[in-house]
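Shown below: upload35.txt, with compact mmCIF, C-alpha atoms.
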# COMPACT_ATOMS: atom_id res chain seq x y z
CA MET A 1 -11.69 -7.68 4.15
CA ARG A 2 -20.25 -10.85 17.70
CA ALA A 3 -23.63 -11.59 16.38
CA SER A 4 -23.90 -12.08 12.67
CA LEU A 5 -26.48 -9.39 11.93
CA ALA A 6 -27.17 -6.63 14.43
CA GLY A 7 -30.48 -7.14 16.15
CA CYS A 8 -31.17 -10.27 14.15
CA PRO A 9 -31.13 -13.77 15.73
CA PHE A 10 -29.55 -16.62 13.85
CA PHE A 11 -32.82 -18.00 12.48
CA CYS A 12 -33.18 -14.70 10.57
CA LEU A 13 -29.79 -15.28 9.00
CA LEU A 14 -30.83 -18.81 8.08
CA ALA A 15 -33.98 -17.44 6.45
CA ILE A 16 -31.86 -15.09 4.37
CA ALA A 17 -29.66 -18.01 3.37
CA LEU A 18 -32.63 -20.01 2.18
CA PHE A 19 -34.45 -17.30 0.25
CA SER A 20 -31.94 -14.76 -1.04
CA GLY A 21 -30.62 -16.99 -3.81
CA CYS A 22 -27.05 -15.75 -3.26
CA TRP A 23 -26.15 -17.68 -0.11
CA GLY A 24 -25.24 -21.29 0.57
CA ARG A 25 -24.79 -23.89 3.26
CA THR A 26 -21.95 -26.14 4.35
CA SER A 27 -21.69 -28.94 6.89
CA SER A 28 -19.47 -28.03 9.82
CA VAL A 29 -16.10 -26.68 8.72
CA SER A 30 -15.31 -23.77 6.40
CA SER A 31 -12.58 -23.89 3.79
CA SER A 32 -10.49 -21.88 6.24
CA GLY A 33 -10.54 -24.87 8.58
CA LEU A 34 -12.60 -23.21 11.32
CA ALA A 35 -14.86 -25.41 13.39
CA ASN A 36 -18.41 -24.62 14.55
CA ILE A 37 -19.32 -22.95 11.28
CA ASP A 38 -22.95 -23.17 10.21
CA SER A 39 -22.88 -21.48 6.79
CA ILE A 40 -20.63 -19.74 4.30
CA MET A 41 -21.66 -16.90 2.05
CA PRO A 42 -20.90 -18.16 -1.47
CA LEU A 43 -18.86 -15.77 -3.58
CA GLN A 44 -19.46 -15.87 -7.30
CA TYR A 45 -16.41 -13.99 -8.58
CA ALA A 46 -14.13 -12.71 -5.79
CA SER A 47 -11.29 -14.97 -4.65
CA GLY A 48 -9.55 -12.82 -2.07
CA PHE A 49 -11.81 -13.35 0.94
CA GLU A 50 -14.33 -15.66 2.58
CA ILE A 51 -17.21 -15.10 5.01
CA ALA A 52 -18.32 -17.85 7.38
CA TYR A 53 -21.08 -17.79 10.00
CA SER A 54 -21.77 -19.31 13.37
CA SER A 55 -24.86 -18.72 15.47
CA ASP A 56 -23.23 -15.90 17.46
CA TYR A 57 -20.24 -14.69 15.43
CA LYS A 58 -18.89 -14.49 11.90
CA ILE A 59 -15.44 -15.06 10.52
CA VAL A 60 -14.03 -12.98 7.67
CA THR A 61 -10.88 -14.44 6.15
CA VAL A 62 -8.62 -12.44 3.83
CA PHE A 63 -6.36 -14.55 1.65
CA ASP A 64 -2.80 -13.76 0.65
CA ALA A 65 -3.03 -11.32 -2.26
CA TRP A 66 0.73 -11.20 -2.72
CA SER A 67 1.32 -14.79 -3.70
CA VAL A 68 1.84 -14.96 -7.45
CA GLU A 69 -0.03 -18.19 -7.94
CA ARG A 70 -2.44 -17.84 -5.00
CA ARG A 71 -3.02 -21.59 -5.10
CA PRO A 72 -3.65 -23.06 -2.68
CA LEU A 73 -5.08 -19.98 -0.99
CA GLN A 74 -3.24 -19.06 2.17
CA ARG A 75 -4.90 -17.17 4.99
CA TYR A 76 -3.46 -13.71 5.44
CA TYR A 77 -5.83 -12.12 7.97
CA LEU A 78 -8.74 -13.42 9.96
CA TYR A 79 -11.40 -11.27 11.60
CA SER A 80 -13.75 -12.60 14.24
CA LEU A 81 -16.77 -10.28 14.30
CA GLN A 82 -19.17 -10.34 17.25
CA GLY A 83 -21.96 -8.28 18.76
CA GLU A 84 -21.88 -6.54 22.10
CA SER A 85 -22.89 -9.58 24.16
CA ALA A 86 -20.43 -12.06 22.63
CA LEU A 87 -16.87 -12.82 23.71
CA PRO A 88 -13.82 -13.04 21.41
CA VAL A 89 -13.76 -16.34 19.57
CA HIS A 90 -10.42 -17.00 17.90
CA SER A 91 -7.13 -16.10 19.50
CA ASP A 92 -5.25 -16.40 16.20
CA GLY A 93 -7.37 -13.69 14.56
CA ILE A 94 -8.51 -10.15 15.25
CA SER A 95 -11.66 -10.01 17.36
CA LEU A 96 -13.83 -6.97 16.67
CA ARG A 97 -17.22 -5.62 17.73
CA VAL A 98 -19.57 -4.79 14.88
CA PRO A 99 -21.30 -2.90 13.41
CA PHE A 100 -18.71 -0.16 13.12
CA SER A 101 -19.91 3.41 13.64
CA LYS A 102 -16.66 5.34 13.01
CA VAL A 103 -14.12 4.37 10.37
CA ALA A 104 -11.26 5.80 8.34
CA LEU A 105 -10.64 4.97 4.69
CA GLY A 106 -7.34 4.55 2.93
CA SER A 107 -8.57 4.45 -0.67
CA CYS A 108 -11.17 6.17 -2.83
CA THR A 109 -12.15 2.75 -4.18
CA GLN A 110 -13.79 2.04 -0.80
CA VAL A 111 -16.03 5.11 -0.80
CA GLU A 112 -18.86 3.77 -2.95
CA PHE A 113 -19.06 0.47 -1.07
CA VAL A 114 -19.52 2.36 2.19
CA ARG A 115 -21.93 4.88 0.67
CA GLU A 116 -24.22 2.15 -0.67
CA LEU A 117 -24.44 0.45 2.71
CA VAL A 118 -24.40 3.12 5.44
CA PRO A 119 -24.50 6.92 5.75
CA LEU A 120 -21.19 8.50 4.78
CA GLU A 121 -21.12 10.22 8.16
CA VAL A 122 -19.54 7.04 9.55
CA VAL A 123 -16.37 8.06 7.70
CA LYS A 124 -14.26 10.25 10.00
CA GLY A 125 -10.95 10.21 8.14
CA MET A 126 -9.80 9.76 4.55
CA CYS A 127 -6.43 9.49 2.82
CA ASN A 128 -5.73 11.69 -0.19
CA THR A 129 -8.89 13.76 0.25
CA GLU A 130 -8.05 15.83 -2.83
CA SER A 131 -8.73 12.69 -4.90
CA VAL A 132 -12.29 12.21 -3.60
CA TYR A 133 -15.06 12.61 -6.21
CA ASN A 134 -18.23 11.90 -4.21
CA ALA A 135 -19.94 15.25 -3.59
CA GLY A 136 -21.37 14.25 -0.20
CA LEU A 137 -17.99 13.14 1.09
CA ARG A 138 -16.33 16.28 -0.25
CA GLU A 139 -18.84 18.36 1.71
CA LEU A 140 -17.96 16.46 4.88
CA ILE A 141 -14.28 17.06 4.17
CA ALA A 142 -14.85 20.78 3.58
CA SER A 143 -16.79 21.10 6.84
CA GLY A 144 -14.05 19.37 8.83
CA SER A 145 -16.22 16.35 9.64
CA VAL A 146 -13.80 14.14 7.69
CA ILE A 147 -10.10 14.63 8.39
CA ASP A 148 -7.37 14.35 5.75
CA LEU A 149 -5.04 11.55 6.86
CA GLY A 150 -2.32 12.30 4.35
CA ASP A 151 -1.03 10.06 1.61
CA ALA A 152 -2.05 6.41 1.84
CA LEU A 153 1.60 5.38 1.50
CA ASP A 154 2.67 7.77 4.27
CA LEU A 155 -0.24 7.61 6.69
CA ASN A 156 -0.49 10.20 9.46
CA VAL A 157 -0.83 7.87 12.44
CA GLU A 158 -1.47 10.67 14.94
CA LYS A 159 -4.46 11.93 12.95
CA VAL A 160 -5.92 8.44 12.63
CA LEU A 161 -5.64 7.90 16.38
CA SER A 162 -7.29 11.26 17.06
CA LEU A 163 -10.44 10.10 15.29
CA GLY A 164 -11.27 7.40 17.81
CA ALA A 165 -12.31 5.21 14.87
CA GLU A 166 -12.88 1.50 15.33
CA ALA A 167 -11.01 0.64 12.15
CA PHE A 168 -8.89 1.88 9.29
CA PHE A 169 -9.76 0.27 5.95
CA ALA A 170 -6.36 -0.14 4.35
CA GLY A 171 -5.86 -0.46 0.63
CA SER A 172 -2.80 -2.47 1.65
CA TYR A 173 -0.55 -1.60 -1.27
CA SER A 174 2.31 -3.24 0.62
CA PRO A 175 2.17 -6.59 2.45
CA THR A 176 3.85 -4.97 5.45
CA ASN A 177 3.50 -1.48 6.86
CA PRO A 178 4.98 -0.50 10.25
CA LYS A 179 2.38 2.25 10.63
CA TYR A 180 -0.41 -0.32 10.47
CA GLU A 181 1.28 -2.22 13.26
CA LEU A 182 1.48 0.96 15.34
CA LEU A 183 -2.22 1.66 14.79
CA SER A 184 -3.15 -1.89 15.75
CA ARG A 185 -1.18 -1.71 18.99
CA SER A 186 -2.92 1.58 19.75
CA GLY A 187 -6.40 0.08 19.40
CA THR A 188 -7.39 0.92 15.82
CA ALA A 189 -8.09 -2.24 13.83
CA ILE A 190 -6.59 -2.52 10.35
CA VAL A 191 -9.09 -3.99 7.90
CA HIS A 192 -7.12 -5.19 4.89
CA ASP A 193 -9.06 -4.60 1.68
CA TYR A 194 -7.57 -6.27 -1.41
CA GLU A 195 -10.37 -5.54 -3.86
CA TRP A 196 -7.88 -3.99 -6.26
CA LYS A 197 -5.97 -7.27 -6.55
CA GLU A 198 -8.92 -9.05 -8.17
CA SER A 199 -8.45 -9.52 -11.91
CA ASP A 200 -12.18 -9.94 -12.53
CA LEU A 201 -14.43 -6.86 -12.75
CA LEU A 202 -17.31 -8.49 -10.94
CA GLY A 203 -14.84 -9.97 -8.47
CA ARG A 204 -13.75 -6.45 -7.55
CA ALA A 205 -17.37 -5.34 -7.18
CA GLU A 206 -18.17 -8.35 -4.98
CA TRP A 207 -15.96 -6.90 -2.25
CA ILE A 208 -19.02 -4.92 -1.23
CA LYS A 209 -19.91 -8.09 0.69
CA PHE A 210 -16.59 -7.88 2.51
CA VAL A 211 -17.19 -4.27 3.54
CA ALA A 212 -20.78 -5.11 4.50
CA CYS A 213 -19.66 -7.62 7.14
CA PHE A 214 -18.20 -4.85 9.28
CA PHE A 215 -21.47 -2.92 9.20
CA ASP A 216 -23.86 -5.90 9.46
CA LYS A 217 -25.25 -5.12 6.01
CA GLU A 218 -24.71 -8.43 4.21
CA LYS A 219 -28.31 -8.75 3.02
CA GLU A 220 -28.20 -5.30 1.45
CA ALA A 221 -24.81 -5.98 -0.15
CA ASP A 222 -26.00 -9.28 -1.56
CA SER A 223 -29.03 -7.63 -3.15
CA LEU A 224 -26.98 -4.78 -4.62
CA PHE A 225 -24.38 -7.11 -6.04
CA CYS A 226 -26.91 -9.48 -7.60
CA ALA A 227 -28.54 -6.50 -9.35
CA THR A 228 -25.12 -5.41 -10.64
CA VAL A 229 -24.45 -8.89 -12.04
CA ARG A 230 -27.83 -8.95 -13.80
CA ARG A 231 -27.22 -5.59 -15.46
CA TYR A 232 -23.69 -6.56 -16.45
CA ASP A 233 -24.81 -9.84 -17.98
CA ASP A 234 -27.63 -8.12 -19.89
CA LEU A 235 -25.14 -5.68 -21.42
CA LYS A 236 -22.72 -8.47 -22.26
CA ARG A 237 -25.47 -10.40 -24.05
CA LEU A 238 -26.56 -7.25 -25.87
CA ALA A 239 -23.04 -6.67 -27.18
CA ALA A 240 -22.74 -10.30 -28.27
CA SER A 241 -26.08 -10.14 -30.10
CA ASP A 242 -24.96 -7.28 -32.35
CA SER A 243 -23.88 -9.67 -35.07
CA LEU A 244 -23.95 -7.01 -37.79
CA GLN A 245 -21.31 -4.93 -36.03
CA THR A 246 -17.77 -5.67 -37.17
CA SER A 247 -15.55 -6.20 -34.15
CA VAL A 248 -13.47 -3.11 -33.43
CA THR A 249 -9.83 -3.32 -32.40
CA VAL A 250 -8.79 -1.37 -29.33
CA LEU A 251 -5.65 0.31 -28.03
CA SER A 252 -5.25 1.38 -24.39
CA GLY A 253 -2.98 3.78 -22.51
CA GLU A 254 -0.18 6.11 -23.58
CA ASN A 255 3.55 6.31 -24.05
CA PHE A 256 5.34 7.08 -20.77
CA ARG A 257 9.03 7.87 -21.18
CA GLY A 258 9.45 5.28 -23.89
CA THR A 259 7.34 2.57 -22.24
CA TRP A 260 3.71 1.84 -23.04
CA TYR A 261 1.75 -0.10 -20.43
CA LEU A 262 -1.07 -2.16 -21.88
CA PRO A 263 -3.56 -4.40 -20.05
CA GLY A 264 -2.60 -8.04 -19.73
CA GLY A 265 -4.92 -10.48 -21.43
CA ARG A 266 -6.42 -11.63 -18.12
CA SER A 267 -6.69 -8.21 -16.50
CA TYR A 268 -10.02 -6.61 -15.67
CA VAL A 269 -9.49 -4.03 -18.45
CA ALA A 270 -9.02 -6.78 -21.04
CA GLN A 271 -12.18 -8.34 -19.65
CA LEU A 272 -14.01 -5.09 -20.38
CA PHE A 273 -12.80 -5.19 -23.98
CA ARG A 274 -13.83 -8.81 -24.33
CA ASP A 275 -17.28 -8.42 -22.77
CA ALA A 276 -17.99 -5.34 -24.90
CA GLY A 277 -17.19 -7.35 -28.02
CA ALA A 278 -13.94 -5.60 -28.87
CA ASP A 279 -10.92 -7.25 -30.47
CA TYR A 280 -7.84 -6.95 -28.26
CA ARG A 281 -4.59 -8.21 -29.69
CA PHE A 282 -3.36 -9.57 -26.37
CA GLU A 283 -6.52 -11.61 -25.82
CA GLN A 284 -4.52 -14.84 -25.51
CA ASP A 285 -2.05 -13.39 -23.03
CA THR A 286 -2.34 -14.78 -19.49
CA THR A 287 -1.00 -11.75 -17.59
CA THR A 288 -3.36 -10.30 -14.97
CA GLY A 289 -1.44 -7.05 -14.60
CA SER A 290 0.15 -4.79 -17.21
CA LEU A 291 2.38 -5.49 -20.18
CA SER A 292 5.35 -3.18 -20.80
CA LEU A 293 5.89 -2.48 -24.48
CA SER A 294 8.16 -0.08 -26.32
CA LEU A 295 6.68 2.76 -28.33
CA GLU A 296 7.97 1.05 -31.45
CA GLN A 297 6.08 -2.15 -30.65
CA VAL A 298 2.83 -0.28 -30.09
CA LEU A 299 3.25 1.72 -33.28
CA ARG A 300 3.80 -1.51 -35.17
CA ASP A 301 0.97 -3.54 -33.65
CA PHE A 302 -1.70 -0.93 -32.90
CA HIS A 303 -1.29 1.84 -35.47
CA ASP A 304 -4.47 0.65 -37.19
CA ALA A 305 -6.57 0.13 -34.03
CA ASP A 306 -10.15 1.39 -34.46
CA VAL A 307 -10.45 3.00 -31.03
CA TRP A 308 -8.01 4.27 -28.42
CA VAL A 309 -9.02 4.45 -24.75
CA GLY A 310 -7.45 5.50 -21.47
CA VAL A 311 -5.64 8.66 -22.55
CA SER A 312 -5.13 11.78 -20.47
CA ALA A 313 -5.77 14.95 -22.49
CA THR A 314 -8.40 17.65 -22.97
CA ASP A 315 -8.63 17.22 -26.74
CA LEU A 316 -6.89 15.57 -29.64
CA GLN A 317 -4.52 18.46 -30.22
CA GLU A 318 -3.31 18.38 -26.62
CA LEU A 319 -2.80 14.64 -26.91
CA LEU A 320 -0.70 15.08 -30.04
CA ALA A 321 1.38 17.74 -28.34
CA LYS A 322 2.45 15.13 -25.78
CA ASP A 323 3.97 12.92 -28.46
CA PRO A 324 4.03 13.66 -32.22
CA HIS A 325 4.10 9.90 -32.91
CA TYR A 326 0.42 9.75 -31.96
CA GLU A 327 -0.49 11.20 -35.36
CA VAL A 328 0.35 7.79 -36.86
CA PHE A 329 -2.56 6.08 -35.10
CA GLU A 330 -5.71 5.63 -37.15
CA ALA A 331 -7.83 6.12 -34.02
CA TRP A 332 -6.31 9.59 -33.58
CA LYS A 333 -6.85 10.45 -37.23
CA ARG A 334 -10.50 9.39 -37.02
CA GLY A 335 -11.12 11.01 -33.67
CA GLU A 336 -11.95 7.74 -31.92
CA VAL A 337 -10.01 8.52 -28.75
CA TYR A 338 -11.49 8.35 -25.23
CA ALA A 339 -10.50 9.45 -21.74
CA TYR A 340 -11.79 8.08 -18.43
CA ASP A 341 -12.48 11.52 -16.96
CA ARG A 342 -16.10 12.41 -17.70
CA ARG A 343 -16.77 12.64 -13.96
CA SER A 344 -13.83 14.39 -12.37
CA THR A 345 -12.96 17.33 -10.14
CA GLU A 346 -10.44 20.13 -10.46
CA THR A 347 -8.45 18.74 -7.53
CA GLY A 348 -7.94 15.33 -9.11
CA GLY A 349 -11.00 13.36 -8.07
CA ASN A 350 -12.12 10.89 -10.73
CA ASP A 351 -15.21 8.76 -10.32
CA TYR A 352 -13.79 6.13 -12.67
CA TRP A 353 -11.40 5.20 -9.85
CA GLU A 354 -14.10 5.56 -7.20
CA SER A 355 -17.70 4.47 -7.80
CA ALA A 356 -16.88 2.54 -10.96
CA VAL A 357 -15.27 -0.18 -8.85
CA ALA A 358 -18.71 -0.98 -7.44
CA HIS A 359 -20.48 -0.50 -10.78
CA PRO A 360 -18.75 -2.49 -13.53
CA ASP A 361 -22.06 -2.57 -15.36
CA ALA A 362 -21.84 1.22 -15.81
CA ILE A 363 -18.31 0.92 -17.21
CA LEU A 364 -19.39 -1.86 -19.57
CA SER A 365 -22.25 0.33 -20.76
CA ASP A 366 -19.71 2.95 -21.87
CA PHE A 367 -17.60 0.38 -23.68
CA VAL A 368 -20.63 -1.08 -25.44
CA LYS A 369 -21.44 2.43 -26.68
CA ILE A 370 -17.89 2.72 -28.03
CA CYS A 371 -17.78 -0.69 -29.69
CA HIS A 372 -21.40 -0.78 -30.89
CA PRO A 373 -22.44 2.74 -31.93
CA SER A 374 -25.88 1.54 -33.01
CA LEU A 375 -26.65 0.30 -29.48
CA LEU A 376 -27.51 2.29 -26.34
CA GLN A 377 -27.96 5.51 -28.30
CA ASP A 378 -30.42 6.84 -25.72
CA VAL A 379 -28.20 5.84 -22.78
CA THR A 380 -25.96 8.54 -21.34
CA TRP A 381 -22.22 8.12 -20.81
CA ASN A 382 -21.07 7.30 -17.30
CA TYR A 383 -17.30 7.58 -16.95
CA ILE A 384 -15.83 7.88 -20.44
CA ARG A 385 -15.44 11.03 -22.56
CA LYS A 386 -14.66 11.23 -26.26
CA LEU A 387 -11.90 13.70 -27.08
CA GLN A 388 -13.03 16.49 -29.36
CA PRO A 389 -11.50 16.87 -32.85
CA CYS A 390 -8.63 19.25 -33.32
CA ALA A 391 -9.36 22.74 -34.66
CA GLY A 392 -9.76 22.69 -38.40
CA ARG A 393 -10.62 19.00 -38.62
Take the structure in the file and give it back as C-alpha cells.
Amino acid sequence: MRASLAGCPFFCLLAIALFSGCWGRTSSVSSSGLANIDSIMPLQYASGFEIAYSSDYKIVTVFDAWSVERRPLQRYYLYSLQGESALPVHSDGISLRVPFSKVALGSCTQVEFVRELVPLEVVKGMCNTESVYNAGLRELIASGSVIDLGDALDLNVEKVLSLGAEAFFAGSYSPTNPKYELLSRSGTAIVHDYEWKESDLLGRAEWIKFVACFFDKEKEADSLFCATVRRYDDLKRLAASDSLQTSVTVLSGENFRGTWYLPGGRSYVAQLFRDAGADYRFEQDTTTGSLSLSLEQVLRDFHDADVWVGVSATDLQELLAKDPHYEVFEAWKRGEVYAYDRRSTETGGNDYWESAVAHPDAILSDFVKICHPSLLQDVTWNYIRKLQPCAGR
C-alpha cells in the first residue's frame, strides 16, 4: 500500500496486539483468503488495503481502487514482506525485504507519512519536486540528495533506476502504467498507494499504517493515528456542542471555464463541512467525487452562502477580477472567503496537499474556526487563510 517487525520476535508483535488497543486477532485465514495468518491489523476507516501477519512474514493487500462499487473488494496487489532471513512466501504476490532504506516518492501526499515514521533521508527521489512544501525535504532536494524524477504522470525511469532504491511509492493515478512495469522488471518495486481514493478523511490518514509496513513502524503508526482520531473526535464534539451558533452555509471552489466543481455529498470535503457543523446543500448527495455545475446553477443555489472556501486568489479584489459574477455572492460581499494556501511556497508547494492528508484534525480545526467564530479563538490557523477585504471596503 520477512519478519513482521525488524529485530522483534513474533511474541513482541502479539504483545502489541494485546495492549495497543488498535489491533485485533483472527483465527487462521485473512479476508484476503491467505492461509497461515495469525493476526490482522484492524482498520477503523480505510477500506483500500489490509495488513495480515504470520510469525515470520506479513502480507499487505491493496484492493482495487478503480472499481466503482468496490464491493466485494477485489485484490489488486499483494505484497509479501519478510526480513533478511526469511524466504519469499507467495508466488502470486510481490515478495520484498523490509525495512526499506532507500525509496522514491511519486506524490507529495506521501511525504508526511514517511516523515512521521523515519528520517526523510531515506527518500532519494521525488516527483514534482517544485511542489514539495516540507522544508527538510526541500533542503535535501536543493543539496542534490533527493533527485527530481519529473512529473508523476511522465516518470523518468532512468533517474529512478539510478537511485538504487528498493521501491517507488506510486500515487497510481492510472490503473496501468507501462513505466511501472519497466521499473518492476528492472528490480525497483512499485508500491501502489491509493490513499487519495478514500472518501473518508480519517480513512486517508489511516494509510500511515500502510506506509509503516514497509519500514517496520506499525506500532508507531498505530499510536500516531489513534492520537489523530482522538483530536479529530474532540473537535467534532466541540463543534456539535456549540448549540448557540446558527449553522452557516458553505460554498466551495470556483468557476472554471463555465463549470463549477463542488464536492459530492459523500466526499471527504463534504465530510469536513459536516463535522465542522456547516450546512452544505448537497449533504444528501451520494457522490464521493466532484459534482459539475454550471455557473448559473451555483449563482442560483449558493449566492446567499455564508462562507466561501477553496478559492485561489491573493485578496478579494483579485478574486473578483477573475469573474465579475463573484460580486453577487454574499460571502464575497461580507469578506467571508478563504483559500487553502496559508502554508505555501513560491514554487507551488502547498502543505494543504501534503501534511494535511496525515492531519485531518488540523484541517477540521480550521473549519471549526470558520463555522464557529466564538470557538478556538486562541488556536492558530493551520492551512486556511482568509482573503483580505478589497481596498476601500
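For Cys371 of chain A, the list of residues within 8 Å, based on all atoms listed in the file and with local chain neighbours fewer than 2 positions off taken out, reads Ser247, Val248, Ala276, Gly277, Ala278, Phe367, Val368, Lys369 and Pro373 of chain A.
Distance-wise, atom CA of Ser143 of chain A and atom CA of Leu117 of chain A end up 22.4 Å apart.
Among A:Leu224, A:Leu155, A:Ala167, A:Leu272, the residue with the shortest atom-to-atom distance to Leu96 of chain A, counting all atoms listed in the file, is A:Ala167.
Using all atoms listed in the file for every distance, the candidate list A:Val311, A:Val211, A:Ala339, A:Val114 yields A:Ala339 as the residue closest to Trp381 of chain A.
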Practice problem: May I have the residues within 12 Å of Lys322 of chain A as a list of chain:residue names, using only C-alpha atoms and disregarding those fewer than 5 positions away in the same chain? | Solution: A:Glu254, A:Asn255, A:Phe256, A:Arg257, A:Val311, A:Ser312, A:Ala313, A:Thr314, A:Asp315, A:Leu316, A:Gln317, A:Glu327
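Proximity of A:Asp279, A:Leu238, A:Tyr268, A:Ser344 to Ser374 of chain A, computed with all atoms listed in the file, is greatest for A:Leu238.
What separates atom CA of Ile147 of chain A from atom CA of Val98 of chain A is a distance of 22.6 Å.
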Quiz prompt | Which residue of A:Glu354, A:Glu330, A:Asp242, A:Asp151 approaches Val111 of chain A most closely, using only C-alpha atoms | solution = A:Glu354
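Distance-wise, atom CA of Ser80 of chain A and atom CA of Ser55 of chain A end up 12.7 Å apart.
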Give me, as a Markdown table, the closest atom pair and its distance (Å, one decimal) for every residue of segment 171-267 of chain A within a cut-off of 12 Å of segment 286-309 of chain A, counting all atoms listed in the file, rows sorted by chain and rising number.
| residue | atom | partner | partner_atom | distance |
| --- | --- | --- | --- | --- |
| A:Trp196 | CA | A:Gly289 | CA | 11.0 |
| A:Lys197 | CA | A:Gly289 | CA | 9.2 |
| A:Glu198 | CA | A:Thr288 | CA | 8.9 |
| A:Ser199 | CA | A:Thr288 | CA | 6.0 |
| A:Asp200 | CA | A:Thr288 | CA | 9.2 |
| A:Leu201 | CA | A:Thr288 | CA | 11.8 |
| A:Thr246 | CA | A:Asp306 | CA | 10.7 |
| A:Ser247 | CA | A:Asp306 | CA | 9.3 |
| A:Val248 | CA | A:Asp306 | CA | 5.7 |
| A:Thr249 | CA | A:Ala305 | CA | 5.0 |
| A:Val250 | CA | A:Val307 | CA | 5.0 |
| A:Leu251 | CA | A:Trp308 | CA | 4.6 |
| A:Ser252 | CA | A:Val309 | CA | 4.9 |
| A:Gly253 | CA | A:Val309 | CA | 6.5 |
| A:Glu254 | CA | A:Leu295 | CA | 9.0 |
| A:Asn255 | CA | A:Leu295 | CA | 6.4 |
| A:Phe256 | CA | A:Leu295 | CA | 8.8 |
| A:Arg257 | CA | A:Leu295 | CA | 9.1 |
| A:Gly258 | CA | A:Leu295 | CA | 5.8 |
| A:Thr259 | CA | A:Ser294 | CA | 4.9 |
| A:Trp260 | CA | A:Leu293 | CA | 5.0 |
| A:Tyr261 | CA | A:Ser292 | CA | 4.8 |
| A:Leu262 | CA | A:Leu291 | CA | 5.1 |
| A:Pro263 | CA | A:Ser290 | CA | 4.7 |
| A:Gly264 | CA | A:Thr287 | CA | 4.6 |
| A:Gly265 | CA | A:Thr286 | CA | 5.4 |
| A:Arg266 | CA | A:Thr288 | CA | 4.6 |
| A:Ser267 | CA | A:Thr288 | CA | 4.2 |
Quiz item: Could you pull the residues within 10 Å of Gln110 of chain A, counting all atoms listed in the file, minus those fewer than 6 positions along the same chain, as a PyMOL selection string?
Solution: chain A and resi 169-171+193+195+207-208+211+353-355+357-358
Quiz item: Which protein, DNA or RNA residues are at most 12 Å from (-10.6, 17.7, -9.9) in the file's coordinates when you count all atoms listed in the file, listed as a PyMOL selection string?
Solution: chain A and resi 129-135+138+341-351
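With distances restricted to only C-alpha atoms, A:Gly187 is the closest residue to Ser95 of chain A from A:Gly187, A:Pro42, A:Gly335, A:Gly48.
Considering all atoms listed in the file, the residue among A:Phe63, A:Phe273, A:Tyr57, A:Tyr280 positioned nearest to Glu84 of chain A is A:Tyr57.
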Would you mind putting N, CA and C atoms back on segment 102-116 of chain A and writing the result as a PDB file, in the coordinates of the input?
ATOM      1  N   LYS A 102     -17.648   4.321  13.378  1.00  0.00           N
ATOM      2  CA  LYS A 102     -16.660   5.340  13.010  1.00  0.00           C
ATOM      3  C   LYS A 102     -15.474   4.641  12.344  1.00  0.00           C
ATOM      4  N   VAL A 103     -15.208   5.007  11.090  1.00  0.00           N
ATOM      5  CA  VAL A 103     -14.120   4.370  10.370  1.00  0.00           C
ATOM      6  C   VAL A 103     -13.291   5.409   9.619  1.00  0.00           C
ATOM      7  N   ALA A 104     -12.109   4.997   9.212  1.00  0.00           N
ATOM      8  CA  ALA A 104     -11.260   5.800   8.340  1.00  0.00           C
ATOM      9  C   ALA A 104     -10.966   4.976   7.095  1.00  0.00           C
ATOM     10  N   LEU A 105     -10.847   5.649   5.958  1.00  0.00           N
ATOM     11  CA  LEU A 105     -10.640   4.970   4.690  1.00  0.00           C
ATOM     12  C   LEU A 105      -9.293   5.323   4.090  1.00  0.00           C
ATOM     13  N   GLY A 106      -8.646   4.329   3.519  1.00  0.00           N
ATOM     14  CA  GLY A 106      -7.340   4.550   2.930  1.00  0.00           C
ATOM     15  C   GLY A 106      -7.357   4.702   1.424  1.00  0.00           C
ATOM     16  N   SER A 107      -8.511   4.421   0.791  1.00  0.00           N
ATOM     17  CA  SER A 107      -8.570   4.450  -0.670  1.00  0.00           C
ATOM     18  C   SER A 107      -9.927   4.948  -1.142  1.00  0.00           C
ATOM     19  N   CYS A 108      -9.920   5.694  -2.236  1.00  0.00           N
ATOM     20  CA  CYS A 108     -11.170   6.170  -2.830  1.00  0.00           C
ATOM     21  C   CYS A 108     -12.017   5.023  -3.365  1.00  0.00           C
ATOM     22  N   THR A 109     -11.395   3.891  -3.664  1.00  0.00           N
ATOM     23  CA  THR A 109     -12.150   2.750  -4.180  1.00  0.00           C
ATOM     24  C   THR A 109     -13.109   2.183  -3.135  1.00  0.00           C
ATOM     25  N   GLN A 110     -12.920   2.545  -1.870  1.00  0.00           N
ATOM     26  CA  GLN A 110     -13.790   2.040  -0.800  1.00  0.00           C
ATOM     27  C   GLN A 110     -15.024   2.911  -0.580  1.00  0.00           C
ATOM     28  N   VAL A 111     -14.994   4.123  -1.114  1.00  0.00           N
ATOM     29  CA  VAL A 111     -16.030   5.110  -0.800  1.00  0.00           C
ATOM     30  C   VAL A 111     -17.410   4.628  -1.226  1.00  0.00           C
ATOM     31  N   GLU A 112     -17.543   4.146  -2.451  1.00  0.00           N
ATOM     32  CA  GLU A 112     -18.860   3.770  -2.950  1.00  0.00           C
ATOM     33  C   GLU A 112     -19.425   2.567  -2.209  1.00  0.00           C
ATOM     34  N   PHE A 113     -18.583   1.611  -1.853  1.00  0.00           N
ATOM     35  CA  PHE A 113     -19.060   0.470  -1.070  1.00  0.00           C
ATOM     36  C   PHE A 113     -19.683   0.947   0.241  1.00  0.00           C
ATOM     37  N   VAL A 114     -18.996   1.835   0.931  1.00  0.00           N
ATOM     38  CA  VAL A 114     -19.520   2.360   2.190  1.00  0.00           C
ATOM     39  C   VAL A 114     -20.789   3.152   1.952  1.00  0.00           C
ATOM     40  N   ARG A 115     -20.777   4.026   0.941  1.00  0.00           N
ATOM     41  CA  ARG A 115     -21.930   4.880   0.670  1.00  0.00           C
ATOM     42  C   ARG A 115     -23.190   4.075   0.380  1.00  0.00           C
ATOM     43  N   GLU A 116     -23.049   2.951  -0.310  1.00  0.00           N
ATOM     44  CA  GLU A 116     -24.220   2.150  -0.670  1.00  0.00           C
ATOM     45  C   GLU A 116     -24.795   1.405   0.531  1.00  0.00           C
TER      46      GLU A 116
END
